[in-house]
>>> print(open('final.cif').read())   # mmCIF, C-alpha atoms
data_final
#
loop_
_atom_site.label_atom_id
_atom_site.label_comp_id
_atom_site.auth_asym_id
_atom_site.auth_seq_id
_atom_site.Cartn_x
_atom_site.Cartn_y
_atom_site.Cartn_z
CA MET I 1324 135.46 62.36 74.45
CA ALA I 1325 134.19 65.00 76.78
CA ALA I 1326 134.73 67.62 74.14
CA PHE I 1327 132.75 65.59 71.66
CA LEU I 1328 129.93 65.23 74.16
CA ARG I 1329 129.93 68.94 74.80
CA SER I 1330 129.69 69.91 71.17
CA LYS I 1331 126.92 67.39 70.57
CA CYS I 1332 124.74 68.37 73.44
CA SER I 1333 125.03 72.13 73.33
CA SER I 1334 121.27 72.53 73.38
CA VAL I 1335 120.96 70.57 76.66
CA GLY I 1336 121.12 72.65 79.84
CA ARG I 1337 124.60 73.98 80.33
CA THR I 1338 124.68 73.28 84.06
CA LEU I 1339 124.10 69.60 83.50
CA MET I 1340 126.88 69.41 80.95
CA GLY I 1341 129.10 71.50 83.17
CA SER I 1342 128.78 69.13 86.08
CA LEU I 1343 129.07 66.08 83.83
CA GLY I 1344 132.24 67.53 82.36
CA ASN I 1345 133.64 68.26 85.79
CA ASN I 1346 133.04 64.76 86.96
CA LEU I 1347 134.74 63.32 83.92
CA TYR I 1348 137.76 65.52 84.40
CA GLY I 1349 138.18 66.02 88.07
CA GLY I 1350 137.49 62.56 89.38
CA VAL I 1351 134.82 61.45 91.79
CA ASN I 1352 136.38 62.86 94.92
CA SER I 1353 136.13 66.57 94.17
CA SER I 1354 132.78 68.07 94.98
CA VAL I 1355 133.69 71.68 94.21
CA GLU I 1356 135.95 72.79 91.40
CA SER I 1357 137.53 76.18 91.11
CA VAL I 1358 137.92 77.71 87.70
CA THR I 1359 139.98 80.85 87.88
CA ARG I 1360 139.07 83.52 85.33
CA PRO I 1361 141.77 86.06 84.59
CA SER I 1362 141.56 89.81 85.25
CA HIS I 1363 137.87 90.31 86.07
CA CYS I 1364 137.62 88.44 89.33
CA ASP I 1365 140.99 89.19 90.92
CA ALA I 1366 141.33 86.72 93.72
CA ILE I 1367 137.75 85.48 93.56
CA THR I 1368 137.42 82.11 91.85
CA GLN I 1369 134.19 81.11 90.14
CA GLN I 1370 133.08 77.88 91.69
CA ILE I 1371 131.20 75.31 89.70
CA ARG I 1372 128.92 73.59 92.16
CA THR I 1373 128.46 69.85 91.82
CA PHE I 1374 126.65 67.00 93.48
CA ILE I 1375 126.79 65.91 97.08
CA GLN I 1376 129.13 62.93 97.04
CA MET I 1377 131.24 60.87 99.34
CA ARG I 1378 133.35 63.13 101.56
CA THR I 1379 131.07 66.15 101.15
CA ASN I 1380 130.71 68.11 104.34
CA LEU I 1381 127.21 69.21 105.08
CA LYS I 1382 125.77 71.47 107.68
CA VAL I 1383 123.04 70.04 109.90
CA VAL I 1384 120.14 72.43 110.28
CA ASP I 1385 117.98 70.78 112.86
CA ASN I 1386 118.24 70.37 116.60
CA SER I 1387 119.17 66.70 116.58
CA GLY I 1388 122.56 67.43 118.13
CA ALA I 1389 124.85 66.99 115.16
CA LYS I 1390 126.56 70.00 113.62
CA ARG I 1391 128.51 68.62 110.68
CA VAL I 1392 127.98 65.44 108.75
CA MET I 1393 130.21 63.95 106.08
CA CYS I 1394 128.40 62.16 103.31
CA ILE I 1395 129.47 58.56 102.88
CA GLN I 1396 126.85 57.47 100.40
CA SER I 1397 124.24 59.15 98.29
CA LEU I 1398 121.08 57.08 98.12
CA ARG I 1399 120.04 58.47 94.81
CA GLY I 1400 121.94 59.07 91.63
CA LYS I 1401 125.18 57.63 90.44
CA LYS I 1402 126.95 60.97 90.49
CA GLY I 1403 125.67 62.10 93.83
CA ALA I 1404 122.77 63.59 95.70
CA ARG I 1405 120.98 66.79 94.83
CA LEU I 1406 118.37 68.95 96.49
CA GLY I 1407 115.74 66.83 98.20
CA ASP I 1408 117.61 63.53 98.05
CA MET I 1409 118.57 61.30 100.93
CA ILE I 1410 122.12 60.51 101.93
CA ILE I 1411 123.95 58.43 104.49
CA GLY I 1412 126.46 60.34 106.50
CA SER I 1413 128.90 60.08 109.35
CA VAL I 1414 128.59 62.65 112.11
CA LYS I 1415 131.84 64.57 112.31
CA GLU I 1416 130.91 67.24 114.81
CA ALA I 1417 128.17 67.15 117.38
CA GLN I 1418 126.88 69.17 120.28
CA PRO I 1419 127.79 67.69 123.66
CA ARG I 1420 124.25 66.81 124.75
CA GLY I 1421 122.26 65.75 121.74
CA LYS I 1422 120.34 62.83 120.36
CA VAL I 1423 123.17 62.08 117.97
CA LYS I 1424 126.82 61.54 118.87
CA LYS I 1425 130.02 62.01 116.95
CA GLY I 1426 130.96 59.04 114.79
CA GLU I 1427 127.43 57.81 114.32
CA VAL I 1428 126.18 56.80 110.92
CA VAL I 1429 122.97 58.64 110.10
CA TYR I 1430 120.55 59.21 107.26
CA GLY I 1431 119.79 62.72 106.11
CA VAL I 1432 117.67 64.66 103.65
CA VAL I 1433 119.37 67.42 101.68
CA VAL I 1434 117.42 70.63 102.24
CA ARG I 1435 119.83 73.14 100.74
CA ALA I 1436 122.26 72.53 97.94
CA ALA I 1437 124.74 74.92 96.38
CA MET I 1438 124.14 73.23 93.05
CA LYS I 1439 121.38 74.64 90.85
CA LYS I 1440 118.15 72.70 90.71
CA GLY I 1441 115.79 73.19 87.84
CA ARG I 1442 112.13 73.76 88.45
CA ASN I 1443 109.13 72.92 86.30
CA ASP I 1444 108.58 76.52 85.30
CA GLY I 1445 112.08 76.64 83.83
CA SER I 1446 113.71 78.66 86.57
CA GLU I 1447 116.70 77.46 88.54
CA ILE I 1448 117.26 77.77 92.23
CA GLN I 1449 120.44 77.60 94.24
CA PHE I 1450 121.28 78.08 97.88
CA ASP I 1451 124.26 79.42 99.74
CA ASP I 1452 125.45 76.18 101.31
CA ASN I 1453 124.86 72.43 101.56
CA ALA I 1454 122.59 71.54 104.45
CA ILE I 1455 120.81 68.42 105.64
CA VAL I 1456 118.25 67.42 108.16
CA LEU I 1457 118.77 64.10 109.96
CA VAL I 1458 116.22 61.34 109.56
CA ASN I 1459 116.02 57.69 110.41
CA ASN I 1460 116.05 55.05 107.70
CA LYS I 1461 112.26 55.21 107.46
CA GLY I 1462 112.41 58.93 106.69
CA GLU I 1463 111.14 60.23 110.03
CA LEU I 1464 112.85 63.26 111.51
CA ILE I 1465 115.18 62.88 114.45
CA GLY I 1466 115.13 66.55 115.41
CA THR I 1467 112.14 68.72 116.21
CA ARG I 1468 113.10 72.01 114.55
CA VAL I 1469 114.45 73.01 111.17
CA PHE I 1470 116.44 76.21 110.66
CA GLY I 1471 116.81 78.35 107.61
CA PRO I 1472 115.01 78.39 104.26
CA VAL I 1473 113.81 75.17 102.69
CA PRO I 1474 112.71 74.54 99.10
CA HIS I 1475 109.27 73.28 98.21
CA GLU I 1476 110.89 70.48 96.20
CA LEU I 1477 110.56 68.50 99.43
CA ARG I 1478 106.82 68.34 98.98
CA LYS I 1479 107.18 66.18 95.92
CA LYS I 1480 109.64 63.96 97.77
CA LYS I 1481 107.07 63.51 100.51
CA HIS I 1482 109.11 65.14 103.31
CA LEU I 1483 106.09 66.99 104.56
CA LYS I 1484 107.19 67.03 108.19
CA ILE I 1485 110.27 69.05 107.26
CA LEU I 1486 108.12 71.55 105.39
CA ALA I 1487 105.81 71.80 108.35
CA LEU I 1488 108.66 72.64 110.71
CA ALA I 1489 110.50 74.95 108.32
CA GLU I 1490 110.92 78.64 109.08
CA HIS I 1491 110.73 79.72 105.51
CA ILE I 1492 109.72 77.84 102.38
CA VAL I 1493 111.19 79.06 99.12
CA MET S 695 103.20 82.65 86.66
CA ARG S 696 104.75 85.91 87.73
CA LEU S 697 107.13 88.29 86.00
CA GLU S 698 109.87 89.11 88.45
CA LYS S 699 112.46 91.86 88.44
CA CYS S 700 116.14 91.07 88.26
CA TRP S 701 117.77 92.11 91.52
CA PHE S 702 120.79 93.52 89.80
CA CYS S 703 119.67 95.24 86.62
CA SER S 704 115.91 95.56 87.31
CA SER S 705 114.87 94.07 84.01
CA THR S 706 111.95 91.64 83.90
CA VAL S 707 112.73 87.97 84.37
CA TYR S 708 110.37 85.94 82.20
CA PRO S 709 109.48 82.34 83.04
CA GLY S 710 112.19 79.92 82.02
CA HIS S 711 114.95 82.46 82.38
CA GLY S 712 117.45 83.23 85.04
CA ILE S 713 118.50 81.89 88.39
CA GLN S 714 117.13 82.38 91.89
CA PHE S 715 119.69 82.48 94.64
CA VAL S 716 118.44 81.91 98.18
CA ARG S 717 120.63 83.22 100.94
CA ASN S 718 120.59 81.60 104.36
CA ASP S 719 118.57 84.46 105.81
CA ALA S 720 115.85 83.37 103.35
CA LYS S 721 116.28 86.40 101.12
CA VAL S 722 115.72 85.45 97.48
CA PHE S 723 117.75 87.15 94.76
CA ARG S 724 116.50 86.75 91.25
CA PHE S 725 118.74 87.34 88.26
CA CYS S 726 117.73 87.68 84.66
CA ARG S 727 120.95 86.30 83.23
CA SER S 728 124.36 85.09 84.21
CA LYS S 729 125.85 88.55 83.69
CA CYS S 730 123.84 89.89 86.62
CA HIS S 731 124.45 86.73 88.65
CA LYS S 732 128.20 86.97 88.18
CA ASN S 733 128.24 90.64 89.08
CA PHE S 734 126.35 89.78 92.24
CA LYS S 735 128.85 87.07 93.10
CA MET S 736 131.61 89.63 92.65
CA LYS S 737 129.80 91.64 95.32
CA ARG S 738 129.28 94.62 93.05
CA ASN S 739 126.78 97.21 94.18
CA PRO S 740 124.17 97.71 91.44
CA ARG S 741 123.87 101.35 92.43
CA LYS S 742 127.43 101.84 91.27
CA VAL S 743 127.29 99.82 88.08
CA LYS S 744 126.52 102.14 85.22
CA TRP S 745 124.25 100.00 83.06
CA THR S 746 121.76 99.05 85.77
CA LYS S 747 118.39 100.72 86.30
CA ALA S 748 119.31 101.30 89.94
CA TYR S 749 122.23 103.49 88.94
CA ARG S 750 120.27 105.35 86.31
CA ARG S 751 117.36 106.09 88.58
CA LEU S 752 119.65 107.17 91.39
CA ARG S 753 121.48 109.63 89.14
CA GLY S 754 118.27 110.99 87.63
CA LYS S 755 119.09 109.68 84.20
CA ASP S 756 115.84 107.77 83.97
CA MET S 757 112.34 108.74 85.01
CA THR S 758 111.62 107.73 88.59
CA GLN S 759 108.15 108.99 89.45
CA ASP S 760 105.25 108.64 87.12
CA SER S 761 101.68 107.48 87.27
CA THR S 762 102.36 104.78 84.66
CA PHE S 763 104.54 102.96 87.21
CA GLU S 764 101.57 102.55 89.51
CA PHE S 765 100.01 100.04 87.14
CA GLU S 766 102.93 97.68 87.59
CA ARG S 767 102.90 97.58 91.34
CA LYS S 768 103.11 94.11 92.88
CA ARG S 769 99.78 92.74 94.01
CA ASN S 770 99.80 89.77 96.34
CA ARG S 771 96.09 89.21 96.44
CA PRO S 772 94.77 87.14 93.53
CA GLU S 773 91.87 88.73 91.68
CA ARG S 774 88.73 86.84 90.90
CA TYR S 775 88.53 86.13 87.21
CA ASP S 776 86.28 88.48 85.34
CA ARG S 777 86.27 88.27 81.59
CA ASN S 778 85.63 91.96 81.03
CA VAL S 779 88.34 93.04 83.43
CA THR S 780 90.84 90.71 81.77
CA GLU S 781 89.91 92.00 78.34
CA GLN S 782 90.26 95.63 79.40
CA THR S 783 93.59 94.92 81.06
CA LEU S 784 94.98 93.16 78.03
CA LYS S 785 93.91 96.09 75.85
CA ALA S 786 95.37 98.61 78.26
CA ILE S 787 98.78 97.04 78.69
CA PRO S 788 100.27 98.02 75.30
CA LEU S 789 98.80 101.53 75.60
CA ILE S 790 100.35 102.06 79.00
CA THR S 791 103.69 100.71 77.81
CA LYS S 792 103.61 103.09 74.87
CA ILE S 793 102.83 106.09 77.07
CA ARG S 794 105.53 105.12 79.52
CA HIS S 795 108.12 104.80 76.77
CA GLU S 796 107.13 108.21 75.36
CA ARG S 797 107.46 109.84 78.76
CA GLN S 798 110.81 108.21 79.36
CA LYS S 799 112.06 109.43 76.01
CA THR S 800 110.98 113.01 76.73
CA HIS S 801 112.64 112.82 80.15
CA ILE S 802 115.92 111.84 78.54
CA SER S 803 115.70 114.38 75.71
CA ASP S 804 114.85 117.16 78.19
CA ARG S 805 117.88 116.17 80.17
CA GLN S 806 120.04 116.31 77.06
CA LYS S 807 118.67 119.67 75.87
CA GLN S 808 120.86 121.65 78.26
CA GLY S 809 123.89 119.90 76.91
CA LYS S 810 122.80 120.59 73.35
CA SER S 811 122.37 124.31 73.88
CA LYS S 812 125.74 124.52 75.60
CA GLN S 813 127.26 122.67 72.68
CA ARG S 814 125.75 125.15 70.22
CA GLU S 815 127.19 128.08 72.17
CA LYS S 816 130.57 126.43 72.25
CA ASP S 817 130.45 125.79 68.52
CA ALA S 818 129.46 129.39 67.77
CA LYS S 819 132.30 130.65 69.89
CA GLU S 820 134.76 128.39 68.14
CA VAL S 821 133.60 129.64 64.75
CA GLU S 822 134.10 133.24 65.92
CA GLN S 823 137.57 132.60 67.28
CA ASP S 824 138.94 130.49 64.48
CA PHE S 825 137.13 132.21 61.65
CA HIS S 826 140.29 132.41 59.58
CA MET S 827 140.67 128.61 59.64
CA LEU S 828 137.44 128.07 57.76
CA PRO S 829 137.71 127.39 53.99
CA LYS S 830 137.13 130.47 51.82
CA MET S 831 133.66 129.52 50.64
CA LEU S 832 132.36 128.97 54.12
CA GLN S 833 133.90 132.24 55.28
CA GLU S 834 131.90 134.14 52.73
CA THR S 835 128.63 132.49 53.73
CA LYS S 836 129.39 133.07 57.39
CA VAL S 837 130.06 136.73 56.75
CA LYS S 838 126.74 137.03 54.89
CA VAL S 839 124.94 135.38 57.79
CA ARG S 840 126.67 137.70 60.21
CA VAL S 841 125.70 140.74 58.21
CA THR S 842 122.05 139.70 57.95
CA GLN S 843 121.98 138.93 61.66
CA GLN S 844 123.37 142.40 62.43
CA GLN S 845 120.72 143.98 60.20
CA THR S 846 117.90 142.14 61.94
CA GLU S 847 119.31 143.11 65.33
CA ASP S 848 119.48 146.75 64.24
CA ASN S 849 115.90 146.57 63.03
CA VAL S 850 114.77 145.11 66.30
CA MET S 851 116.61 147.86 68.22
CA GLU S 852 115.13 150.58 66.09
CA GLU S 853 111.69 149.21 66.72
#
>>> encode(input="final.cif", output="structure tokens")
Amino acid sequence: MAAFLRSKCSSVGRTLMGSLGNNLYGGVNSSVESVTRPSHCDAITQQIRTFIQMRTNLKVVDNSGAKRVMCIQSLRGKKGARLGDMIIGSVKEAQPRGKVKKGEVVYGVVVRAAMKKGRNDGSEIQFDDNAIVLVNNKGELIGTRVFGPVPHELRKKKHLKILALAEHIV
Amino acid sequence: MRLEKCWFCSSTVYPGHGIQFVRNDAKVFRFCRSKCHKNFKMKRNPRKVKWTKAYRRLRGKDMTQDSTFEFERKRNRPERYDRNVTEQTLKAIPLITKIRHERQKTHISDRQKQGKSKQREKDAKEVEQDFHMLPKMLQETKVKVRVTQQQTEDNVMEE
């Protein structure tokens, strides 16, 4: 069935099909799939980046106190969250004196995603890692600083505070 | 809209093509196609990969300095729209491209000339050495050519 879908929709963006195909094959729980190519890459596997789903570990890039958050629910999309979406996560690792403690359930906005995001001009952008910024359920920031580059997709999603605090907007 | 350069092969990335990769130090790498992107992921150095512009310019295979490159320099300040200026620019662009291509071609052919002359010398030497291996007809013509060459040389020396 997946093969049929692939042949039918060859004109549709390959990345979309690729991630769809992965999800059909690999089950919901795998967020990154390794496809080993022979000879050319030696030990390096080509990773096909997918959505941010349940169990995805994300880096926290603000000064709210948390360091690592595990996604427990994506608030947008059946397959998972992408760049600019909001997720619910459980804090797995936190700094000793911070606003957020380990084990807390928090909301977060995805500011960097390893999965390609298409832009209106036709280009695609991808980041090095998956990173979030913690917010409360109304969408207001918990921390007061944001580290690292941030895409301007957040402007459309109305996360203007994050853009204001960002070091570098891409 | 802006035409970018691919980080790996230095070709132009037109709108709707390619992927931008943003590293955590906020450096943006643009790639024109997945070939360049995959080479980057393999951590290959473009200066060592033979088909990239970086390699070719480094080894002097392609023209590096020329006044035609100045026209393509990146300008960050937007220019106020002026109809005449736009018209002149649009007329000039194909001319400049043509001139640049011509100059690049001459650069490459100049570079290859040395090789060509060396090749001719080598071929002449081989004909001299292995003269007996040539088919009979060719031997006769070669002898004729040799004789006429000798005559012209003698004439020159006499003069």
>>> residues_near_point(input="final.cif", point="(121.9, 67.0, 105.1)", cutoff="6 Å", atoms="only C-alpha atoms", output="list in words")
Leu1381, Val1383, Gly1431, Val1432, Val1433, Ala1454, Ile1455 and Val1456 of chain I
>>> interface_residues(input="final.cif", of="chain I", to="chain S", cutoff="9 Å", atoms="only C-alpha atoms", output="CSV table (one decimal) with C-alpha atoms, in the frame of the given file")
chain,number,residue,atom,x,y,z
I,1364,CYS,CA,137.6,88.4,89.3
I,1367,ILE,CA,137.8,85.5,93.6
I,1369,GLN,CA,134.2,81.1,90.1
I,1439,LYS,CA,121.4,74.6,90.8
I,1442,ARG,CA,112.1,73.8,88.4
I,1443,ASN,CA,109.1,72.9,86.3
I,1444,ASP,CA,108.6,76.5,85.3
I,1445,GLY,CA,112.1,76.6,83.8
I,1446,SER,CA,113.7,78.7,86.6
I,1447,GLU,CA,116.7,77.5,88.5
I,1448,ILE,CA,117.3,77.8,92.2
I,1449,GLN,CA,120.4,77.6,94.2
I,1450,PHE,CA,121.3,78.1,97.9
I,1451,ASP,CA,124.3,79.4,99.7
I,1452,ASP,CA,125.4,76.2,101.3
I,1471,GLY,CA,116.8,78.4,107.6
I,1472,PRO,CA,115.0,78.4,104.3
I,1473,VAL,CA,113.8,75.2,102.7
I,1490,GLU,CA,110.9,78.6,109.1
I,1491,HIS,CA,110.7,79.7,105.5
I,1492,ILE,CA,109.7,77.8,102.4
I,1493,VAL,CA,111.2,79.1,99.1
>>> atom_distance(input="final.cif", atom1="CA of Glu822 in chain S", atom2="CA of Val837 in chain S")
10.6 Å
>>> atom_distance(input="final.cif", atom1="CA of His1482 in chain I", atom2="CA of Glu1463 in chain I")
8.6 Å
>>> atom_distance(input="final.cif", atom1="CA of Met1409 in chain I", atom2="CA of Met1438 in chain I")
15.3 Å
>>> resolve_selection(input="final.cif", expression="the PyMOL selection byres ((chain S and resi 763-768) around 10)", output="MDAnalysis selection string")
chainID S and resid 696:698 757:762 769:771 787 790:791 794
